[in-house]
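Report on one structure; see the data block that follows.
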Amino acid sequence: MSLLEIRNLQVKYGAITALKGVSISVEPGQIVTMIGANGAGKSTLLRAVSGLIKACAGNVVFEGVDITNLPAHRVVALGISHAPEGRMIFANLSVRENLEMGAYPRANKGEIGHDLERVFSLFPRLKERFKQSGGTLSGGEQQMLAIGRAMMARPRMLLLDEPSLGIGPILVKAIFETIVEINRELGMTILLVEQNAHQALKIAQYGYVLETGHIALEGSAGDIARNEQIRKAYLGEA
Amino acid sequence: MRLDRSVIFLAVAVLASALATLFEKSINPYYFQIIIYIGINIILASSLNLINGFAGQFSLGHAGFMAVGAYTAAVITTSLGVTRGSIFAIPVLALALLLAGLMASIFGLIVGIPSLRLKGDYLAITTLGFGEIIRVIVQNLDFLGAARGFTGIPKLANSFWVFSTAALVIFLIYNLVNSTYGKAFLAVRDDEIAAEAVGISSTRIKVVAFVTGAFFAGVAGGLYGHFVTYLNPMQFSFLKSFEIVVMVIIGGMGSIIGVILSATLLTILPEALRTVSQYRMVIYSLLLVIIMLTRPQGLFVRRRLFKRGSTPKTEIS
C-alpha cells in the first residue's frame, strides 16, 4: 500500500484553477520529487496535502486514512510534516524554540530532547546558533531550521518545498545530502518539490513533472532525467 | 528556576501590597488615587499585551471588556448589599471579581470567535466597534444607571486588592509565555501559517489569548468600580482602549516589564503635567510622538521584533 495516495486533486484560488485533477502516489521509504516550472502548482499540491489550503475535489489518503481537507494542525498529528516554501521560521523565537515548536503536538519530553540532539547532529550549524533568534539566521541556516523543525514532529512523511530556494550552490549540495540522510537513516518518506530538477532527480527514486496544474509525466527519477523533452525544458540543455 | 523566581516575586508583591494598606490613610488621597490607577492600568496593559504583544492580534476593544467586568462586579456587590468593613466584604469582592472576569471572558469568546478570522487593521476596527457597542448598550440599560451612571458601589477595593491582583496577573502571564503552550502564542504572532504547519491550531491560540486577556480586563474593571464607587459609560469609551494600547506600544509589544513601566509612567505623566494646565495634553501627545520616533520598539525594549513576513518569502507556485 502506498504511504500517500492523492487522487484527482483539484484546488482553486478564486476563479483560477491551480490543480486540475492531480493523482500521485508515494511509496513508503522513498524520496519522490515533484518538478515543474514556476506556477505549475507544486507548492499548492503540498499545501493541499498538509491542510494549509482546501481542495475543492479529489482525495488525499495517508496510510489508508482519508485526510482530505483536515485542518493543518491535525494533519501534523497524523504524521505528515511540511517545511513550507520560503521557510517561514518563527523570526522572534530562538533556534531552539523553533525546533521545540516543531514538536508541539508531542508530549514525551525525553523523546523530544533526543530528537533535538538528532537535528543538531544533522545540522551542526543550528547547534552553534541555538540561542540566536530565527530571524538573524542566513537563508541557508533558516532552511536547515525549517527542515529540522518539520522533523521534530517525528513524522513518517516529510513534505519539503523548494529547499534550494535562494541558497548558494555549496549549501544546496549539503542540504540535499542531509535530505538523503534523513530518508536513509531515519526512514522518513520524503515528497520533495523542487525547481532545481537536476539535483532533485539525483536523489529521488521516483518523479513527477507538473505542468500548469496537471501531471505531464511520471516515472523513475532516472527515466525522467534521461527524457529528451525534460532535458530541454528543465535541465537546461539545448 | 524561572518558576521559583516568579513565585518569590508573587509572594513579595502580595505581602507588600497588604502592608501598603496600613499606610493608605496617611497618604495624600490624590496621590493614593494615582497609585491605585497605576495598579489597575498595569493589569489592563499587561492583559492587553497578552493579546496584542504576545499573540499579535491587534485589539482595540479592551475598555469594552473592562466595562463588562466593572458593571458585573458592581451589580453583584450592590445587590448583595455588602458595605465596607462588613465581614462579607472580602469573600463577596473576591466572588464579584471572579464573576466579572468570567463575564468579560464570555464576551471575549463571543467577540473573538467571529472576529479573530480577521487580521491587522480589520480586527482592530471590529474590536473597536465591539467596545463601542458595549458602551452604547450600557448607556441605554436602566438597571445599570444608563447615561446617569451607576452609583452607590461600596468602596471595597484597596491597595491590597489592586496590587496583589496585578502581581497575580503578571505572575500568570510570565509563566504562560515561558511555557510551551505560551510559546505557541509567539509562534502564531510570528507566522500563522508556519504555526499551523507545525501543529498549532492558530484559531484556538488566538481565542485563548483573547479570552484570557478579556478575563483580566474584566477583573481590572471590577477593581476600578469598587475604588471610584461610581461608573459611567463614558469612562469606557474607545479613548480608554486607546490609552491601554498606547501603554502596550510604548512599553514594547511583548515585553512584560516594559509594559508595567509604561503603564506606570503613562498614568503619572498626565497628572504630573497638570502644572502646565492648558498645554498638558499637547505636551503629553508630543512626548508620545517623540518616544515613537526615537524608540519605535518600545521605551524599555532592547531589541526590535522582526515584523510579520520580514523573513524572505516568495509567491506561491
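Residue names in the C-alpha cells use chain letters A, B, ... in the order shown, residue numbers from 1 in each chain, and ligand numbers from 1 in the order shown.
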Segment 123-176 of chain B residues near segment 16-23 of chain B within 6 Å, closest pair each, using only C-alpha atoms, as a tab-separated table:
```
residue	atom	partner	partner_atom	distance
B:Ser159	CA	B:Thr21	CA	5.7
B:Phe160	CA	B:Ser17	CA	4.5
B:Phe163	CA	B:Ser17	CA	5.7
```
Write the residues you've just listed into a file as a compact mmCIF listing (two decimals), in the first residue's frame, and include N, CA, C and O atoms for each of them.
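Printed below is again15.txt as written:
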```txt
# COMPACT_ATOMS: atom_id res chain seq x y z
N SER B 159 -5.41 49.06 48.21
CA SER B 159 -4.13 48.77 47.55
C SER B 159 -3.80 47.28 47.59
O SER B 159 -3.17 46.76 46.67
N PHE B 160 -4.26 46.59 48.63
CA PHE B 160 -4.01 45.15 48.67
C PHE B 160 -4.65 44.46 47.47
O PHE B 160 -4.00 43.72 46.73
N PHE B 163 -3.03 45.69 43.96
CA PHE B 163 -1.65 45.31 43.63
C PHE B 163 -1.39 43.81 43.73
O PHE B 163 -0.56 43.29 43.00
```
At a cut-off of 7 Å, can you tabulate as JSON lines every residue of chain A near chain B together with its closest atom pair and the distance in Å to one decimal, using only C-alpha atoms and ordering rows by chain then number?
```
{"residue": "A:Asn38", "atom": "CA", "partner": "B:Ser317", "partner_atom": "CA", "distance": 5.6}
{"residue": "A:Gly39", "atom": "CA", "partner": "B:Ser317", "partner_atom": "CA", "distance": 4.1}
{"residue": "A:Ala40", "atom": "CA", "partner": "B:Ser317", "partner_atom": "CA", "distance": 6.2}
{"residue": "A:Gly41", "atom": "CA", "partner": "B:Ser317", "partner_atom": "CA", "distance": 5.3}
{"residue": "A:Lys42", "atom": "CA", "partner": "B:Ser317", "partner_atom": "CA", "distance": 6.2}
{"residue": "A:Ser43", "atom": "CA", "partner": "B:Ser317", "partner_atom": "CA", "distance": 5.5}
{"residue": "A:Thr44", "atom": "CA", "partner": "B:Ser317", "partner_atom": "CA", "distance": 6.5}
{"residue": "A:Ala72", "atom": "CA", "partner": "B:Glu196", "partner_atom": "CA", "distance": 5.6}
{"residue": "A:His73", "atom": "CA", "partner": "B:Gly199", "partner_atom": "CA", "distance": 3.7}
{"residue": "A:Arg74", "atom": "CA", "partner": "B:Gly199", "partner_atom": "CA", "distance": 6.6}
{"residue": "A:Val76", "atom": "CA", "partner": "B:Gly199", "partner_atom": "CA", "distance": 5.3}
{"residue": "A:Ala77", "atom": "CA", "partner": "B:Gly199", "partner_atom": "CA", "distance": 6.7}
{"residue": "A:His82", "atom": "CA", "partner": "B:Ala197", "partner_atom": "CA", "distance": 6.1}
{"residue": "A:Gly86", "atom": "CA", "partner": "B:Lys313", "partner_atom": "CA", "distance": 4.4}
{"residue": "A:Met88", "atom": "CA", "partner": "B:Ala194", "partner_atom": "CA", "distance": 5.7}
{"residue": "A:Ile89", "atom": "CA", "partner": "B:Ala194", "partner_atom": "CA", "distance": 6.9}
{"residue": "A:Phe90", "atom": "CA", "partner": "B:Asp190", "partner_atom": "CA", "distance": 5.3}
{"residue": "A:Ala91", "atom": "CA", "partner": "B:Phe306", "partner_atom": "CA", "distance": 6.1}
{"residue": "A:Asn92", "atom": "CA", "partner": "B:Phe306", "partner_atom": "CA", "distance": 6.2}
{"residue": "A:Met101", "atom": "CA", "partner": "B:Val198", "partner_atom": "CA", "distance": 6.8}
{"residue": "A:Gly102", "atom": "CA", "partner": "B:Val198", "partner_atom": "CA", "distance": 5.2}
{"residue": "A:Tyr104", "atom": "CA", "partner": "B:Gly199", "partner_atom": "CA", "distance": 6.4}
{"residue": "A:Pro105", "atom": "CA", "partner": "B:Gly199", "partner_atom": "CA", "distance": 6.0}
{"residue": "A:Gly135", "atom": "CA", "partner": "B:Thr311", "partner_atom": "CA", "distance": 6.5}
{"residue": "A:Ala150", "atom": "CA", "partner": "B:Val198", "partner_atom": "CA", "distance": 6.8}
```
Problem set entry | Among the residues A:Ala146, A:Ile35, A:Met151, A:Met157, the one that comes closest to Leu78 of chain A [using only C-alpha atoms] |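 Ranking A:Ala146, A:Ile35, A:Met151, A:Met157 by distance to Leu78 of chain A, first place goes to A:Met157.
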Seminar exercise, completed: A straight line from atom CA of Phe123 of chain A to atom CA of Met144 of chain A spans 6.8 Å
Exercise. Any idea what the distance is between atom CA of Val49 of chain A and atom CA of Val95 of chain A?
Worked result: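 Value for the atom CA of Val49 of chain A-atom CA of Val95 of chain A distance: 26.4 Å.
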For this session: Provide the atom CA of Ile38 of chain B to atom CA of Val289 of chain B distance in Å, to one decimal place.
Result: 21.9 Å
Find the residues around Gln139 of chain B up to 9 Å (only C-alpha atoms counted), leave out those fewer than 2 positions away in its own chain, and share them as a CSV table (one decimal) with N, CA, C and O atoms, in the first residue's frame.
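This is the output file selection37.csv:
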```csv
chain,number,residue,atom,x,y,z
B,134,ILE,N,-20.7,47.9,23.4
B,134,ILE,CA,-20.9,47.6,24.9
B,134,ILE,C,-21.3,48.9,25.6
B,134,ILE,O,-22.2,49.0,26.4
B,135,ARG,N,-20.5,50.0,25.3
B,135,ARG,CA,-20.7,51.3,25.9
B,135,ARG,C,-22.2,51.8,25.6
B,135,ARG,O,-22.9,52.2,26.5
B,136,VAL,N,-22.5,51.7,24.4
B,136,VAL,CA,-23.9,52.2,24.0
B,136,VAL,C,-25.0,51.4,24.6
B,136,VAL,O,-26.0,51.9,25.1
B,137,ILE,N,-24.8,50.0,24.7
B,137,ILE,CA,-25.8,49.2,25.4
B,137,ILE,C,-25.9,49.6,26.8
B,137,ILE,O,-27.0,49.8,27.3
B,141,LEU,N,-29.2,50.9,29.3
B,141,LEU,CA,-29.8,50.0,30.2
B,141,LEU,C,-30.1,50.7,31.5
B,141,LEU,O,-29.2,51.1,32.2
B,142,ASP,N,-31.4,50.7,31.8
B,142,ASP,CA,-31.8,51.5,33.0
B,142,ASP,C,-31.3,50.9,34.3
B,142,ASP,O,-30.9,51.6,35.2
B,144,LEU,N,-28.6,49.6,34.9
B,144,LEU,CA,-27.2,49.9,35.1
B,144,LEU,C,-27.0,51.4,35.2
B,144,LEU,O,-25.9,51.9,35.2
B,145,GLY,N,-28.1,52.1,35.4
B,145,GLY,CA,-28.0,53.5,35.6
B,145,GLY,C,-27.9,54.3,34.3
B,145,GLY,O,-27.9,55.6,34.3
B,146,ALA,N,-27.9,53.6,33.2
B,146,ALA,CA,-27.9,54.3,31.8
B,146,ALA,C,-26.8,55.4,31.8
B,146,ALA,O,-25.8,55.2,32.4
B,147,ALA,N,-27.2,56.5,31.1
B,147,ALA,CA,-26.2,57.6,31.0
B,147,ALA,C,-25.9,58.3,32.3
B,147,ALA,O,-24.9,59.0,32.4
B,148,ARG,N,-26.8,58.2,33.2
B,148,ARG,CA,-26.6,58.9,34.5
B,148,ARG,C,-25.5,58.2,35.3
B,148,ARG,O,-24.9,58.9,36.1
B,149,GLY,N,-25.2,57.0,35.0
B,149,GLY,CA,-24.2,56.3,35.7
B,149,GLY,C,-24.7,55.4,36.9
B,149,GLY,O,-25.8,55.5,37.3
B,232,ASN,N,-19.6,55.3,34.9
B,232,ASN,CA,-20.3,56.0,33.9
B,232,ASN,C,-19.9,55.4,32.6
B,232,ASN,O,-18.7,55.2,32.4
B,233,PRO,N,-20.8,55.2,31.6
B,233,PRO,CA,-20.4,54.5,30.4
B,233,PRO,C,-19.2,55.3,29.7
B,233,PRO,O,-18.4,54.7,29.0
B,234,MET,N,-19.2,56.6,29.8
B,234,MET,CA,-18.2,57.4,29.1
B,234,MET,C,-16.7,57.1,29.6
B,234,MET,O,-15.8,57.3,28.9
```
Problem set entry | Residue contacts of segment 3-6 of chain A (9 Å, only C-alpha atoms) excluding same-chain residues fewer than 2 positions away, as a ChimeraX atom specification | /A:1,8-9,22-29,49,58-64,156-157,189
Writer output for current selection, all heavy atoms, as a short mmCIF file (atom, residue, chain, number, x, y, z; two decimals), in the first residue's frame:
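Saved the output as again-v6.cif:
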```
data_model
loop_
_atom_site.label_atom_id
_atom_site.label_comp_id
_atom_site.auth_asym_id
_atom_site.auth_seq_id
_atom_site.Cartn_x
_atom_site.Cartn_y
_atom_site.Cartn_z
N MET A 1 0.84 -1.21 0.00
CA MET A 1 0.00 0.00 0.00
C MET A 1 0.87 1.25 0.00
O MET A 1 1.89 1.31 0.68
CB MET A 1 -0.88 -0.01 1.25
CG MET A 1 -1.95 1.05 1.24
SD MET A 1 -2.94 1.01 2.75
CE MET A 1 -1.79 1.56 3.98
N ASN A 8 -6.98 12.55 -8.06
CA ASN A 8 -7.76 13.54 -8.79
C ASN A 8 -7.95 14.86 -8.01
O ASN A 8 -9.05 15.42 -7.94
CB ASN A 8 -9.13 12.94 -9.14
CG ASN A 8 -9.86 13.78 -10.17
OD1 ASN A 8 -9.22 14.44 -11.00
ND2 ASN A 8 -11.18 13.78 -10.12
N LEU A 9 -6.88 15.34 -7.41
CA LEU A 9 -6.99 16.51 -6.53
C LEU A 9 -7.15 17.80 -7.34
O LEU A 9 -6.40 18.05 -8.29
CB LEU A 9 -5.73 16.60 -5.65
CG LEU A 9 -5.85 17.51 -4.43
CD1 LEU A 9 -6.80 16.91 -3.41
CD2 LEU A 9 -4.49 17.74 -3.81
N VAL A 22 -4.98 16.13 -9.98
CA VAL A 22 -3.65 15.52 -9.91
C VAL A 22 -3.73 14.22 -9.12
O VAL A 22 -4.35 14.17 -8.06
CB VAL A 22 -2.66 16.49 -9.24
CG1 VAL A 22 -1.34 15.80 -8.94
CG2 VAL A 22 -2.43 17.72 -10.11
N SER A 23 -3.15 13.18 -9.67
CA SER A 23 -3.10 11.90 -8.95
C SER A 23 -1.64 11.46 -8.84
O SER A 23 -0.96 11.35 -9.85
CB SER A 23 -3.88 10.83 -9.69
OG SER A 23 -5.23 11.22 -9.81
N ILE A 24 -1.18 11.25 -7.62
CA ILE A 24 0.17 10.72 -7.44
C ILE A 24 0.14 9.72 -6.29
O ILE A 24 -0.80 9.71 -5.49
CB ILE A 24 1.23 11.80 -7.13
CG1 ILE A 24 1.02 12.39 -5.73
CG2 ILE A 24 1.20 12.92 -8.15
CD1 ILE A 24 2.21 13.21 -5.23
N SER A 25 1.15 8.88 -6.21
CA SER A 25 1.26 8.04 -5.02
C SER A 25 2.73 7.98 -4.61
O SER A 25 3.63 8.05 -5.44
CB SER A 25 0.68 6.66 -5.26
OG SER A 25 1.44 5.99 -6.24
N VAL A 26 2.93 7.90 -3.31
CA VAL A 26 4.29 7.87 -2.75
C VAL A 26 4.43 6.58 -1.95
O VAL A 26 3.64 6.31 -1.04
CB VAL A 26 4.53 9.10 -1.85
CG1 VAL A 26 5.92 9.05 -1.25
CG2 VAL A 26 4.34 10.39 -2.64
N GLU A 27 5.43 5.79 -2.32
CA GLU A 27 5.65 4.52 -1.61
C GLU A 27 6.48 4.78 -0.35
O GLU A 27 7.33 5.67 -0.34
CB GLU A 27 6.42 3.55 -2.52
CG GLU A 27 5.70 3.22 -3.82
CD GLU A 27 4.29 2.68 -3.60
OE1 GLU A 27 4.11 1.85 -2.69
OE2 GLU A 27 3.37 3.10 -4.32
N PRO A 28 6.23 3.98 0.70
CA PRO A 28 6.98 4.20 1.94
C PRO A 28 8.48 4.03 1.75
O PRO A 28 8.92 3.16 1.00
CB PRO A 28 6.41 3.14 2.89
CG PRO A 28 5.64 2.20 2.06
CD PRO A 28 5.23 2.92 0.83
N GLY A 29 9.24 4.89 2.39
CA GLY A 29 10.69 4.79 2.37
C GLY A 29 11.36 5.48 1.20
O GLY A 29 12.58 5.56 1.15
N VAL A 49 -2.05 18.94 0.66
CA VAL A 49 -1.82 17.72 1.44
C VAL A 49 -1.77 18.05 2.91
O VAL A 49 -2.40 17.40 3.75
CB VAL A 49 -0.51 17.02 1.00
CG1 VAL A 49 -0.17 15.87 1.95
CG2 VAL A 49 -0.62 16.51 -0.43
N GLY A 58 -11.46 15.73 -5.11
CA GLY A 58 -10.40 14.74 -5.02
C GLY A 58 -10.12 14.33 -3.59
O GLY A 58 -10.74 14.84 -2.65
N ASN A 59 -9.18 13.38 -3.43
CA ASN A 59 -8.88 12.84 -2.11
C ASN A 59 -7.39 12.80 -1.83
O ASN A 59 -6.58 12.62 -2.73
CB ASN A 59 -9.37 11.39 -1.99
CG ASN A 59 -10.87 11.32 -2.05
OD1 ASN A 59 -11.44 11.16 -3.12
ND2 ASN A 59 -11.51 11.49 -0.92
N VAL A 60 -7.07 12.96 -0.56
CA VAL A 60 -5.71 12.71 -0.08
C VAL A 60 -5.82 11.60 0.95
O VAL A 60 -6.55 11.73 1.93
CB VAL A 60 -5.10 13.97 0.58
CG1 VAL A 60 -3.68 13.68 1.04
CG2 VAL A 60 -5.11 15.15 -0.39
N VAL A 61 -5.13 10.50 0.70
CA VAL A 61 -5.22 9.36 1.62
C VAL A 61 -3.82 9.07 2.15
O VAL A 61 -2.88 8.89 1.38
CB VAL A 61 -5.79 8.11 0.91
CG1 VAL A 61 -5.85 6.93 1.87
CG2 VAL A 61 -7.17 8.42 0.33
N PHE A 62 -3.68 9.08 3.47
CA PHE A 62 -2.39 8.83 4.11
C PHE A 62 -2.52 7.60 4.99
O PHE A 62 -3.38 7.55 5.87
CB PHE A 62 -1.98 10.06 4.92
CG PHE A 62 -0.67 9.90 5.64
CD1 PHE A 62 0.53 9.80 4.93
CD2 PHE A 62 -0.62 9.85 7.03
CE1 PHE A 62 1.75 9.67 5.58
CE2 PHE A 62 0.60 9.71 7.70
CZ PHE A 62 1.78 9.62 6.97
N GLU A 63 -1.70 6.61 4.76
CA GLU A 63 -1.75 5.34 5.49
C GLU A 63 -3.16 4.78 5.54
O GLU A 63 -3.62 4.30 6.56
CB GLU A 63 -1.22 5.53 6.92
CG GLU A 63 0.28 5.87 6.94
CD GLU A 63 0.82 6.07 8.34
OE1 GLU A 63 0.07 6.58 9.20
OE2 GLU A 63 1.99 5.74 8.56
N GLY A 64 -3.85 4.88 4.41
CA GLY A 64 -5.20 4.32 4.32
C GLY A 64 -6.28 5.19 4.92
O GLY A 64 -7.46 4.84 4.87
N ARG A 156 6.16 10.50 9.71
CA ARG A 156 6.53 9.39 8.83
C ARG A 156 6.72 9.91 7.42
O ARG A 156 7.36 9.29 6.60
CB ARG A 156 5.46 8.30 8.90
CG ARG A 156 5.52 7.60 10.26
CD ARG A 156 4.53 6.52 10.41
NE ARG A 156 3.15 7.00 10.45
CZ ARG A 156 2.64 7.70 11.47
NH1 ARG A 156 3.39 8.04 12.50
NH2 ARG A 156 1.38 8.10 11.44
N MET A 157 6.16 11.08 7.19
CA MET A 157 6.33 11.67 5.87
C MET A 157 6.67 13.15 5.98
O MET A 157 6.08 13.89 6.75
CB MET A 157 5.02 11.51 5.09
CG MET A 157 5.05 12.21 3.78
SD MET A 157 4.09 11.31 2.60
CE MET A 157 4.86 11.90 1.14
N THR A 189 9.80 9.07 4.79
CA THR A 189 9.47 9.17 3.37
C THR A 189 9.40 10.66 3.02
O THR A 189 8.92 11.46 3.81
CB THR A 189 8.11 8.50 3.12
OG1 THR A 189 8.16 7.19 3.66
CG2 THR A 189 7.78 8.45 1.64
#
```
For this session: Apply DSSP to the backbone of this structure and, from segment 144-302 of chain B, keep only the residues in helix (DSSP H, G or I); write these as a VMD selection string.
Result: chain B and resid 144 146 to 148 159 to 177 180 to 190 192 to 197 202 to 228 233 to 236 238 to 251 256 to 294
Give me a file of those residues, with C-alpha atoms, as a short mmCIF file (atom, residue, chain, number, x, y, z; two decimals), in the first residue's frame.
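Written out: selection-v1.cif:
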```
data_model
loop_
_atom_site.label_atom_id
_atom_site.label_comp_id
_atom_site.auth_asym_id
_atom_site.auth_seq_id
_atom_site.Cartn_x
_atom_site.Cartn_y
_atom_site.Cartn_z
CA LEU B 144 -27.21 49.87 35.09
CA ALA B 146 -27.90 54.27 31.84
CA ALA B 147 -26.20 57.57 30.98
CA ARG B 148 -26.64 58.86 34.52
CA SER B 159 -4.13 48.77 47.55
CA PHE B 160 -4.01 45.15 48.67
CA TRP B 161 -6.67 44.05 46.18
CA VAL B 162 -5.35 46.10 43.31
CA PHE B 163 -1.65 45.31 43.63
CA SER B 164 -1.92 41.68 44.59
CA THR B 165 -4.21 41.18 41.59
CA ALA B 166 -1.69 43.00 39.41
CA ALA B 167 1.07 40.76 40.76
CA LEU B 168 -1.01 37.65 40.15
CA VAL B 169 -1.75 38.71 36.56
CA ILE B 170 1.95 39.35 35.91
CA PHE B 171 2.84 36.03 37.53
CA LEU B 172 0.36 34.13 35.37
CA ILE B 173 1.32 35.86 32.14
CA TYR B 174 5.03 35.39 32.83
CA ASN B 175 4.64 31.67 33.41
CA LEU B 176 2.28 31.30 30.47
CA VAL B 177 4.61 32.88 27.92
CA THR B 180 5.47 25.52 25.60
CA TYR B 181 1.81 26.45 25.29
CA GLY B 182 2.72 30.12 25.65
CA LYS B 183 5.48 29.85 23.06
CA ALA B 184 2.73 28.87 20.65
CA PHE B 185 1.30 32.41 21.17
CA LEU B 186 4.61 33.83 19.94
CA ALA B 187 4.69 31.35 17.07
CA VAL B 188 1.23 32.46 15.93
CA ARG B 189 2.35 36.09 16.13
CA ASP B 190 5.46 35.41 14.03
CA GLU B 192 0.33 31.93 11.46
CA ILE B 193 0.75 29.58 8.52
CA ALA B 194 4.00 28.16 9.87
CA ALA B 195 2.31 27.73 13.25
CA GLU B 196 -0.45 25.69 11.60
CA ALA B 197 2.21 23.70 9.75
CA SER B 202 -3.83 29.16 15.46
CA THR B 203 -7.53 29.91 15.83
CA ARG B 204 -7.56 28.20 19.21
CA ILE B 205 -4.46 30.05 20.38
CA LYS B 206 -5.88 33.42 19.30
CA VAL B 207 -9.20 32.76 21.02
CA VAL B 208 -7.44 31.62 24.21
CA ALA B 209 -5.30 34.77 24.23
CA PHE B 210 -8.35 36.94 23.63
CA VAL B 211 -10.47 35.27 26.30
CA THR B 212 -7.66 35.32 28.89
CA GLY B 213 -6.90 38.97 28.17
CA ALA B 214 -10.59 39.81 28.45
CA PHE B 215 -10.82 37.99 31.79
CA PHE B 216 -8.10 40.13 33.35
CA ALA B 217 -9.57 43.31 31.85
CA GLY B 218 -12.88 42.36 33.47
CA VAL B 219 -11.17 41.91 36.85
CA ALA B 220 -9.47 45.30 36.41
CA GLY B 221 -12.88 46.82 35.67
CA GLY B 222 -14.30 45.27 38.85
CA LEU B 223 -11.48 46.74 40.92
CA TYR B 224 -11.90 50.12 39.28
CA GLY B 225 -15.62 50.25 40.07
CA HIS B 226 -15.03 49.31 43.69
CA PHE B 227 -12.45 52.02 44.07
CA VAL B 228 -14.14 55.00 42.41
CA PRO B 233 -20.38 54.54 30.36
CA MET B 234 -18.15 57.38 29.14
CA GLN B 235 -15.33 56.08 31.34
CA PHE B 236 -15.16 53.10 28.97
CA PHE B 238 -12.69 53.98 22.89
CA LEU B 239 -10.37 56.64 24.35
CA LYS B 240 -9.77 54.31 27.29
CA SER B 241 -9.00 51.47 24.87
CA PHE B 242 -6.51 53.68 23.04
CA GLU B 243 -4.90 54.67 26.31
CA ILE B 244 -4.25 50.99 27.08
CA VAL B 245 -2.97 50.28 23.57
CA VAL B 246 -0.56 53.22 23.88
CA MET B 247 0.76 51.78 27.15
CA VAL B 248 1.45 48.47 25.42
CA ILE B 249 3.14 50.05 22.41
CA ILE B 250 5.24 52.49 24.43
CA GLY B 251 6.28 49.74 26.84
CA ILE B 256 6.23 42.22 30.40
CA ILE B 257 8.44 44.56 32.38
CA GLY B 258 8.31 47.26 29.68
CA VAL B 259 4.52 47.36 29.76
CA ILE B 260 4.48 47.54 33.58
CA LEU B 261 6.85 50.50 33.48
CA SER B 262 5.00 52.30 30.70
CA ALA B 263 1.62 51.78 32.41
CA THR B 264 3.17 53.41 35.47
CA LEU B 265 4.78 56.22 33.51
CA LEU B 266 1.73 56.99 31.41
CA THR B 267 -0.52 57.09 34.46
CA ILE B 268 1.75 59.54 36.26
CA LEU B 269 2.65 61.67 33.25
CA PRO B 270 -0.74 63.32 32.58
CA GLU B 271 -1.07 64.07 36.31
CA ALA B 272 2.44 65.48 36.56
CA LEU B 273 1.69 67.70 33.58
CA ARG B 274 -1.25 69.32 35.37
CA THR B 275 1.16 72.07 36.39
CA VAL B 276 1.26 73.30 32.79
CA SER B 277 -2.56 73.32 32.70
CA GLN B 278 -3.82 74.09 29.21
CA TYR B 279 -0.72 72.73 27.46
CA ARG B 280 -0.99 69.43 29.30
CA MET B 281 -2.37 67.24 26.53
CA VAL B 282 -0.25 68.98 23.91
CA ILE B 283 2.92 68.10 25.79
CA TYR B 284 1.65 64.62 26.55
CA SER B 285 0.92 63.93 22.89
CA LEU B 286 4.21 65.47 21.82
CA LEU B 287 6.06 63.20 24.21
CA LEU B 288 4.29 60.18 22.74
CA VAL B 289 5.32 61.26 19.24
CA ILE B 290 8.92 61.74 20.32
CA ILE B 291 9.02 58.36 22.06
CA MET B 292 7.64 56.63 18.98
CA LEU B 293 10.14 58.34 16.70
CA THR B 294 13.14 57.55 18.85
#
```
For this session: Excluding Ala18 of chain A and any residue of its chain fewer than 5 positions from it, enumerate the residues within 7 Å of it, using only C-alpha atoms, and give them as a ChimeraX atom specification.
Result: /A:11-13,41,213
Problem set entry | Near-segment 74-80 of chain B list (9 Å; only C-alpha atoms; drop same-chain fewer than 4 positions) as JSON, numbers by chain | {"B": [69, 70, 89, 92, 93, 95, 96, 99, 100, 144, 150, 152, 153, 154, 222, 225, 226, 229, 231]}
